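Visitor: This is the content of input.txt (compact mmCIF, C-alpha atoms):
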```
# COMPACT_ATOMS: atom_id res chain seq x y z
CA MET A 3 -51.53 -17.31 3.07
CA HIS A 4 -49.45 -14.38 4.24
CA THR A 5 -47.73 -11.88 2.02
CA ILE A 6 -44.20 -10.66 2.60
CA LYS A 7 -42.28 -7.86 0.96
CA ILE A 8 -38.53 -7.77 0.33
CA VAL A 9 -36.74 -4.57 -0.66
CA ASN A 10 -33.19 -4.75 -1.95
CA VAL A 11 -31.46 -1.54 -0.83
CA THR A 12 -28.59 -1.96 -3.29
CA THR A 13 -30.67 -2.55 -6.43
CA GLY A 14 -33.94 -0.95 -5.38
CA GLU A 15 -35.77 -4.07 -6.45
CA GLU A 16 -39.02 -4.82 -4.58
CA THR A 17 -40.57 -8.25 -4.38
CA GLU A 18 -43.93 -9.19 -2.92
CA ARG A 19 -44.86 -12.84 -2.63
CA GLU A 20 -46.53 -15.42 -0.44
CA MET A 21 -44.48 -16.90 2.39
CA ASN A 22 -42.58 -20.04 1.47
CA ALA A 23 -42.70 -23.17 3.62
CA ASP A 24 -39.83 -22.16 5.91
CA GLU A 25 -41.21 -18.67 6.43
CA LEU A 26 -44.66 -20.03 7.10
CA ALA A 27 -43.22 -22.45 9.66
CA GLN A 28 -41.52 -19.54 11.44
CA TYR A 29 -44.75 -17.58 11.28
CA LYS A 30 -46.55 -20.44 13.04
CA LYS A 31 -43.87 -20.45 15.73
CA ASP A 32 -44.26 -16.71 16.18
CA GLU A 33 -48.03 -17.11 16.31
CA LEU A 34 -47.74 -19.65 19.13
CA GLN A 35 -45.25 -17.42 20.97
CA ASP A 36 -47.54 -14.41 20.59
CA ALA A 37 -50.47 -16.37 21.98
CA GLN A 38 -48.42 -17.50 25.01
CA LYS A 39 -47.20 -13.96 25.58
CA LEU A 40 -50.71 -12.56 25.36
CA GLU A 41 -51.97 -15.18 27.80
CA ALA A 42 -49.19 -14.31 30.25
CA GLU A 43 -49.97 -10.61 29.94
CA THR A 44 -53.69 -11.27 30.42
CA THR A 45 -52.98 -13.36 33.49
CA ALA A 46 -50.68 -10.68 34.91
CA GLU A 47 -53.25 -7.98 34.21
CA ALA A 48 -55.98 -10.05 35.90
CA ALA A 49 -53.74 -10.57 38.92
CA LYS A 50 -53.05 -6.83 39.05
CA THR A 51 -56.75 -6.02 38.89
CA ALA A 52 -57.49 -8.56 41.65
CA ALA A 53 -54.75 -7.13 43.85
CA GLN A 54 -56.09 -3.61 43.33
CA ALA A 55 -59.55 -4.85 44.33
CA LYS A 56 -58.14 -6.35 47.52
CA LEU A 57 -56.39 -3.09 48.31
CA ALA A 58 -59.56 -1.13 47.68
CA ALA A 59 -61.43 -3.46 50.03
CA LEU A 60 -58.90 -2.49 52.70
CA GLY A 61 -59.32 1.18 51.88
CA LEU A 62 -55.83 1.37 50.31
CA THR A 63 -54.43 2.32 46.92
CA ALA A 64 -51.19 1.53 45.07
CA ASP A 65 -49.96 5.00 46.02
CA ASP A 66 -50.44 4.11 49.70
CA LEU A 67 -48.12 1.12 49.21
CA LYS A 68 -45.52 3.31 47.52
CA ILE A 69 -45.59 5.69 50.45
CA LEU A 70 -44.90 2.75 52.72
CA GLY A 71 -41.99 1.75 50.52
CA LEU A 72 -43.63 -1.52 49.45
CA MET B 30 48.55 51.10 5.15
CA SER B 31 49.55 51.48 8.75
CA ASN B 32 52.74 49.97 10.06
CA PRO B 33 52.51 47.60 11.93
CA THR B 34 49.48 46.35 9.97
CA SER B 35 46.19 47.41 11.48
CA ASN B 36 44.58 43.94 11.96
CA TYR B 37 47.47 41.57 12.68
CA GLY B 38 50.20 43.96 13.86
CA TRP B 39 52.73 42.58 11.43
CA GLN B 40 55.86 44.77 11.42
CA MET B 41 57.01 45.95 7.98
CA PRO B 42 60.13 47.94 6.98
CA THR B 43 59.86 51.65 7.54
CA ALA B 44 60.73 54.47 5.12
CA THR B 45 63.90 55.31 7.10
CA ASP B 46 65.24 51.73 7.25
CA LEU B 47 68.51 51.11 5.51
CA VAL B 48 68.35 48.96 2.40
CA THR B 49 70.79 46.59 3.98
CA ASP B 50 68.33 46.01 6.80
CA LEU B 51 65.54 44.96 4.43
CA PRO B 52 66.33 41.20 4.42
CA ALA B 53 66.19 41.15 8.21
CA ASP B 54 63.02 43.25 8.22
CA PHE B 55 61.31 40.89 5.75
CA GLU B 56 62.38 37.93 7.88
CA VAL B 57 60.56 39.49 10.83
CA PHE B 58 57.50 40.26 8.68
CA GLY B 59 57.50 36.87 6.94
CA GLN B 60 57.88 34.92 10.18
CA ALA B 61 55.00 36.84 11.74
CA VAL B 62 52.77 35.98 8.75
CA ASP B 63 53.96 32.38 8.84
CA THR B 64 53.17 32.05 12.52
CA ALA B 65 49.76 33.68 12.15
CA LEU B 66 48.70 31.37 9.30
CA MET B 67 50.15 28.24 10.84
CA ASP B 68 46.77 26.66 11.61
CA LEU B 69 45.68 26.84 7.97
CA LYS B 70 48.39 24.40 7.00
CA GLY B 71 47.64 20.72 6.75
CA GLY B 72 44.28 19.07 6.66
CA THR B 73 43.11 16.26 4.41
CA THR B 74 40.65 15.93 1.59
CA GLY B 75 37.10 16.57 2.68
CA GLN B 76 38.07 18.14 6.00
CA VAL B 77 36.71 21.53 6.99
CA LEU B 78 38.42 24.30 8.94
CA LYS B 79 36.83 25.05 12.27
CA LYS B 80 37.64 27.47 15.05
CA ASN B 81 39.65 25.77 17.77
CA THR B 82 39.26 28.46 20.45
CA ASN B 83 37.95 31.97 20.53
CA ALA B 84 41.50 33.29 20.03
CA ASP B 85 42.30 35.03 16.73
CA MET B 86 43.68 32.78 13.99
CA ASP B 87 43.28 29.66 16.14
CA PHE B 88 41.85 27.07 13.72
CA VAL B 89 41.81 23.32 13.44
CA TRP B 90 41.08 20.94 10.59
CA GLY B 91 38.30 18.44 11.27
CA ALA B 92 35.95 15.96 9.65
CA ASP B 93 32.90 17.40 7.94
CA ALA B 94 29.79 16.46 9.95
CA ALA B 95 27.53 14.28 7.86
CA GLY B 96 24.89 16.46 6.27
CA MET B 97 21.27 15.55 5.42
CA THR B 98 20.41 14.64 1.87
CA ASN B 99 17.50 16.83 0.94
CA PRO B 100 14.54 14.57 0.02
CA MET B 101 12.26 17.43 -1.04
CA THR B 102 11.33 17.61 -4.70
CA THR B 103 8.13 19.59 -4.95
CA THR B 104 6.67 22.81 -3.59
CA GLY B 105 4.90 22.14 -0.31
CA ASP B 106 6.96 19.07 0.55
CA ILE B 107 7.61 18.40 4.24
CA ILE B 108 10.54 16.46 5.68
CA TYR B 109 9.95 13.95 8.48
CA SER B 110 12.07 11.32 10.16
CA SER B 111 11.52 7.87 8.73
CA SER B 112 13.12 4.67 10.01
CA GLY B 113 14.82 6.41 12.91
CA SER B 114 16.69 9.38 11.51
CA THR B 115 16.33 8.87 7.77
CA PRO B 116 14.82 11.97 6.22
CA ALA B 117 11.75 11.27 4.10
CA ARG B 118 9.52 13.38 1.91
CA LEU B 119 5.84 13.98 2.56
CA GLY B 120 4.20 15.56 -0.45
CA ILE B 121 1.70 18.34 0.06
CA GLY B 122 -1.88 17.24 0.70
CA SER B 123 -4.92 18.58 -1.05
CA SER B 124 -6.94 21.64 -0.06
CA GLY B 125 -8.72 21.25 3.26
CA GLN B 126 -6.72 18.25 4.39
CA VAL B 127 -5.13 18.26 7.84
CA LEU B 128 -1.88 16.75 9.07
CA ASN B 129 -2.65 13.55 10.93
CA VAL B 130 -0.79 10.44 12.02
CA ALA B 131 -1.29 7.12 10.23
CA ALA B 132 0.70 4.01 11.18
CA GLY B 133 3.10 6.13 13.22
CA ILE B 134 4.09 8.63 10.55
CA PRO B 135 2.65 11.97 9.46
CA ALA B 136 0.01 11.86 6.75
CA TRP B 137 -2.35 14.32 5.16
CA THR B 138 -5.94 13.25 5.71
CA THR B 139 -9.33 14.54 4.75
CA VAL B 140 -11.35 15.68 7.73
CA SER B 141 -14.32 13.39 8.03
CA SER B 142 -17.59 15.10 8.66
CA GLY B 143 -20.82 13.61 9.86
CA SER B 144 -23.36 12.73 7.23
CA MET B 145 -26.53 10.75 6.70
CA THR B 146 -27.36 9.02 3.45
CA LEU B 147 -30.90 7.95 2.67
CA LEU B 148 -30.55 4.33 1.57
CA SER B 149 -34.19 3.46 1.03
CA THR B 150 -37.77 4.57 1.49
CA THR B 151 -40.04 1.60 1.92
CA THR B 152 -43.79 1.31 2.22
CA LEU B 153 -44.61 -1.42 4.71
CA SER B 154 -47.18 -4.00 3.76
CA GLY B 155 -48.26 -7.55 4.35
CA ALA B 156 -47.25 -9.73 7.26
CA SER B 157 -43.60 -8.81 6.95
CA THR B 158 -41.30 -6.40 5.14
CA THR B 159 -37.57 -7.03 4.83
CA ILE B 160 -35.04 -4.39 3.87
CA SER B 161 -32.15 -6.41 2.46
CA SER B 162 -28.65 -6.00 0.97
CA ILE B 163 -27.84 -3.11 3.29
CA PRO B 164 -24.31 -1.81 2.58
CA THR B 165 -21.85 -2.31 5.43
CA THR B 166 -19.89 0.85 4.65
CA TYR B 167 -21.50 3.10 7.26
CA LYS B 168 -20.83 3.48 10.97
CA ASP B 169 -24.44 3.31 12.10
CA LEU B 170 -27.92 2.88 10.71
CA LYS B 171 -30.91 5.06 11.49
CA LEU B 172 -34.37 3.71 10.80
CA VAL B 173 -37.28 6.15 10.84
CA CYS B 174 -40.71 4.60 10.81
CA ASN B 175 -43.60 6.97 10.17
CA SER B 176 -47.25 6.25 10.87
CA TRP B 177 -46.71 2.58 11.56
CA GLY B 178 -49.87 0.67 12.23
CA PRO B 179 -51.14 -2.88 12.44
CA SER B 180 -54.31 -3.86 10.61
CA THR B 181 -55.57 -5.34 13.88
CA ASN B 182 -55.54 -3.39 17.11
CA ALA B 183 -53.19 -4.17 19.97
CA LYS B 184 -50.38 -5.60 17.87
CA GLU B 185 -46.79 -4.59 18.47
CA LEU B 186 -44.04 -3.90 15.96
CA LYS B 187 -41.25 -6.46 15.86
CA MET B 188 -37.85 -6.53 14.24
CA ARG B 189 -35.30 -9.18 13.28
CA PHE B 190 -31.85 -8.91 11.75
CA ASN B 191 -30.38 -11.16 9.07
CA GLY B 192 -33.36 -13.51 9.43
CA ASP B 193 -31.99 -14.58 12.82
CA THR B 194 -34.72 -16.33 14.84
CA ALA B 195 -32.45 -17.44 17.72
CA SER B 196 -32.79 -15.98 21.23
CA ASN B 197 -30.31 -13.20 20.53
CA TYR B 198 -32.40 -10.10 21.21
CA VAL B 199 -32.74 -7.92 24.30
CA VAL B 200 -34.85 -4.82 24.77
CA ALA B 201 -35.25 -2.55 27.81
CA TYR B 202 -37.39 0.54 27.90
CA VAL B 203 -39.35 3.08 29.87
CA PHE B 204 -42.74 4.11 28.60
CA GLU B 205 -44.64 7.10 29.75
CA GLU B 206 -48.33 7.61 29.23
CA PHE B 207 -49.34 11.12 30.10
CA GLY B 208 -51.49 11.14 33.18
CA VAL B 209 -50.40 7.64 34.20
CA GLY B 210 -46.65 7.87 34.81
CA ALA B 211 -43.49 6.14 33.69
CA THR B 212 -43.03 2.38 33.76
CA PRO B 213 -39.80 0.46 33.10
CA ALA B 214 -39.78 -2.97 31.47
CA SER B 215 -37.43 -5.34 29.71
CA SER B 216 -37.32 -8.58 27.72
CA GLU B 217 -34.22 -10.74 27.44
CA SER B 218 -33.30 -13.69 25.24
CA GLN B 219 -36.06 -12.90 22.79
CA THR B 220 -36.29 -14.31 19.27
CA TYR B 221 -37.00 -10.80 17.99
CA LEU B 222 -36.89 -7.19 19.12
CA GLY B 223 -40.38 -6.38 20.31
CA PHE B 224 -41.46 -2.79 20.75
CA ALA B 225 -44.63 -3.47 22.68
CA TYR B 226 -45.05 -0.18 24.43
CA ALA B 227 -43.52 1.70 21.57
CA THR B 228 -46.22 0.63 19.18
CA ARG B 229 -48.98 -1.31 20.85
CA ALA B 230 -52.06 -0.07 22.60
CA SER B 231 -55.18 -1.81 23.71
CA ASN B 232 -57.20 0.18 21.24
CA THR B 233 -56.73 2.14 18.05
CA VAL B 234 -53.61 4.26 17.84
CA THR B 235 -52.55 6.93 15.39
CA ASN B 236 -49.39 8.93 14.76
CA ASN B 237 -47.28 5.96 15.67
CA ASN B 238 -43.76 7.16 14.93
CA PHE B 239 -40.68 5.19 15.72
CA VAL B 240 -36.96 5.98 15.32
CA ILE B 241 -34.17 3.54 16.11
CA ASP B 242 -30.40 3.99 15.82
CA LEU B 243 -28.41 0.81 15.28
CA PHE B 244 -24.82 1.40 16.31
CA ASP B 245 -21.77 -0.30 14.83
CA TYR B 246 -24.08 -2.56 12.81
CA ALA B 247 -21.28 -3.77 10.53
CA SER B 248 -19.11 -5.04 13.39
CA THR B 249 -18.47 -8.77 13.36
CA THR B 250 -16.63 -8.82 16.68
CA THR B 251 -18.54 -6.67 19.17
CA ALA B 252 -20.34 -9.01 21.55
CA TYR B 253 -23.63 -7.14 21.24
CA ARG B 254 -24.73 -4.51 18.74
CA LEU B 255 -26.53 -1.75 20.58
CA GLY B 256 -29.55 0.19 19.52
CA SER B 257 -31.43 3.12 20.93
CA TYR B 258 -34.97 4.10 20.09
CA VAL B 259 -37.70 6.61 20.80
CA SER B 260 -41.32 6.43 19.80
CA ASN B 261 -44.68 7.94 20.39
CA TYR B 262 -48.27 7.17 19.60
CA LEU B 263 -51.66 8.68 20.22
CA ARG B 264 -54.63 6.70 21.38
CA SER B 265 -57.53 7.89 19.31
CA SER B 266 -59.99 6.62 21.90
CA ASN B 267 -58.91 8.88 24.74
CA GLY B 268 -56.28 11.16 23.18
CA ALA B 269 -53.56 9.86 25.48
CA GLN B 270 -50.05 10.46 24.19
CA THR B 271 -47.51 7.76 24.97
CA MET B 272 -43.75 8.02 24.64
CA THR B 273 -41.19 5.26 24.93
CA PHE B 274 -37.42 5.44 25.32
CA GLY B 275 -35.57 2.19 24.93
CA GLN B 276 -32.32 0.37 24.35
CA THR B 277 -31.79 -2.78 22.37
CA MET B 278 -29.02 -5.33 22.14
CA TYR B 279 -28.51 -7.88 19.39
CA LYS B 280 -25.99 -10.64 20.00
CA ASN B 281 -23.23 -10.63 17.42
CA THR B 282 -23.17 -13.89 15.49
CA GLY B 283 -20.11 -12.86 13.54
CA THR B 284 -21.84 -11.18 10.64
CA ALA B 285 -22.71 -7.59 9.88
CA ILE B 286 -26.37 -6.62 9.88
CA THR B 287 -27.35 -6.57 6.22
CA SER B 288 -31.10 -7.07 6.46
CA ILE B 289 -33.83 -5.78 8.74
CA GLU B 290 -37.24 -7.38 8.90
CA LEU B 291 -40.16 -5.40 10.29
CA PHE B 292 -43.36 -7.21 11.09
CA PRO B 293 -46.34 -6.93 13.40
CA GLU B 294 -47.53 -9.56 15.81
CA THR B 295 -49.09 -12.45 13.99
CA THR B 296 -52.59 -12.35 12.58
CA SER B 297 -52.05 -8.79 11.52
CA ASN B 298 -50.68 -6.96 8.52
CA GLN B 299 -48.94 -3.61 8.75
CA THR B 300 -48.85 -0.19 7.14
CA GLY B 301 -46.43 2.72 7.37
CA THR B 302 -43.33 4.10 5.76
CA VAL B 303 -39.74 3.31 6.71
CA LEU B 304 -36.74 5.44 5.83
CA LEU B 305 -33.35 3.82 6.26
CA TYR B 306 -30.26 6.01 6.57
CA GLY B 307 -26.61 5.15 6.61
CA VAL B 308 -24.82 7.33 9.17
CA ASN B 309 -21.18 8.39 9.24
```
Could the structure of this file be written out as structure tokens, please?

Guide:
Amino acid sequence: MHTIKIVNVTTGEETEREMNADELAQYKKDELQDAQKLEAETTAEAAKTAAQAKLAALGLTADDLKILGL
Amino acid sequence: MSNPTSNYGWQMPTATDLVTDLPADFEVFGQAVDTALMDLKGGTTGQVLKKNTNADMDFVWGADAAGMTNPMTTTGDIIYSSSGSTPARLGIGSSGQVLNVAAGIPAWTTVSSGSMTLLSTTTLSGASTTISSIPTTYKDLKLVCNSWGPSTNAKELKMRFNGDTASNYVVAYVFEEFGVGATPASSESQTYLGFAYATRASNTVTNNNFVIDLFDYASTTTAYRLGSYVSNYLRSSNGAQTMTFGQTMYKNTGTAITSIELFPETTSNQTGTVLLYGVN
């Protein structure tokens, strides 16, 4: 289970409890979204690394492409 | 007394006049006085005597111009025109107040000065921390997050308002890692505000400080509520300092922001301290 904390600014009351069913359902949605986002970032990072390797094979760098306005 | 009289030149009998000439002399004198005072005759109740021309003794009776009824009652009162030309009283304000305009008439008002009120200091814990029941009586909110950190590396800080999980969040930012350069990025139609490069690194970070200003948070009509944030963190692995400058937008769903949820990416808990200020 996952713990959440709620602080009431007006009363100063603090509550810590386990997530209820609705909150847990949202957490699962967020978890899936995070996984998809991480996968997309990993894919993009891999593509970037591959592109840099191709450039290096041609004797170029990302700075060379910037100079060319690409 | 000179003869004729010094101011009006009325002729009076002289010391050598015969007594028998006195009636005729007084006729001359009396007629001269009568003629001189002719304009003072007449008039009606309430009329006032006004000069008719610049000539001596040339007067005319006329209506009294309507005067203003004095509305002042107290020391410091000011008169202003109300409902067109009706004089009205404005009582003195209190010390330090300035004369302003409210609803089209003068009014004493207290000069508002900027201020920040600390609403809460919260220690972050667990998978999520919500700061709720935020008063809507301030202009802006400022949230200062000190030493934020996820329990698992490479997790970003996220934020939601009013428990809203719809795609109402936008964030755009530029992050700068010393020695690497600046990089712009943005995320639209998100179900949360994600501060990836404000708080996340691929390895352990320390000194992760984050400050966000939420403008006009109590508005129920502005299409988007804007935010502006700055942050920095230090990668303990290589000592690289990273700074991020960003803007956020939160679509207005017709309600003021009264709760802010801070949480890390899933599968992580969080630590840190959050200070929430109301700003005027």

Visitor: Env of range 6-20 of chain A: 7 Å cut, atoms = all atoms listed in the file, seq-sep filter 2 positions within chain, self excluded. Answer as number ranges by chain.

Guide: A: 3-4, 22; B: 148-149, 154-163

Visitor: For Glu33 in chain A, list every protein, DNA or RNA residue within 10 Å, evaluated using only C-alpha atoms, and leave out those in the same chain fewer than 5 positions away; present the list as a ChimeraX atom specification.

Guide: /A:27-28,38-39 /B:294-296

Visitor: I want to know what sits within 12 Å of range 40-49 of chain A, based on all atoms listed in the file, with residues of the same chain fewer than 5 positions away left out; could you give that as a list of chain:residue names?

Guide: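 Final neighbour list, sorted by chain and number: A:Asp32, A:Glu33, A:Leu34, A:Gln35, A:Gln54, A:Ala55, A:Lys56, B:Ala183, B:Lys184, B:Glu185, B:Ala225, B:Ser231, B:Glu294, B:Thr295.
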
Visitor: By how many Å are CA of Asp68 in chain B and CA of Phe88 in chain B apart?

Guide: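 Separation between CA of Asp68 in chain B and CA of Phe88 in chain B: 5.4 Å.
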
Visitor: Quick one: of B:Leu153, B:Ala132, B:Val240, B:Ala269, who's nearest to chain A, counting all atoms listed in the file?

Guide: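 Answer, going by the shortest atom-to-atom distance: B:Leu153.
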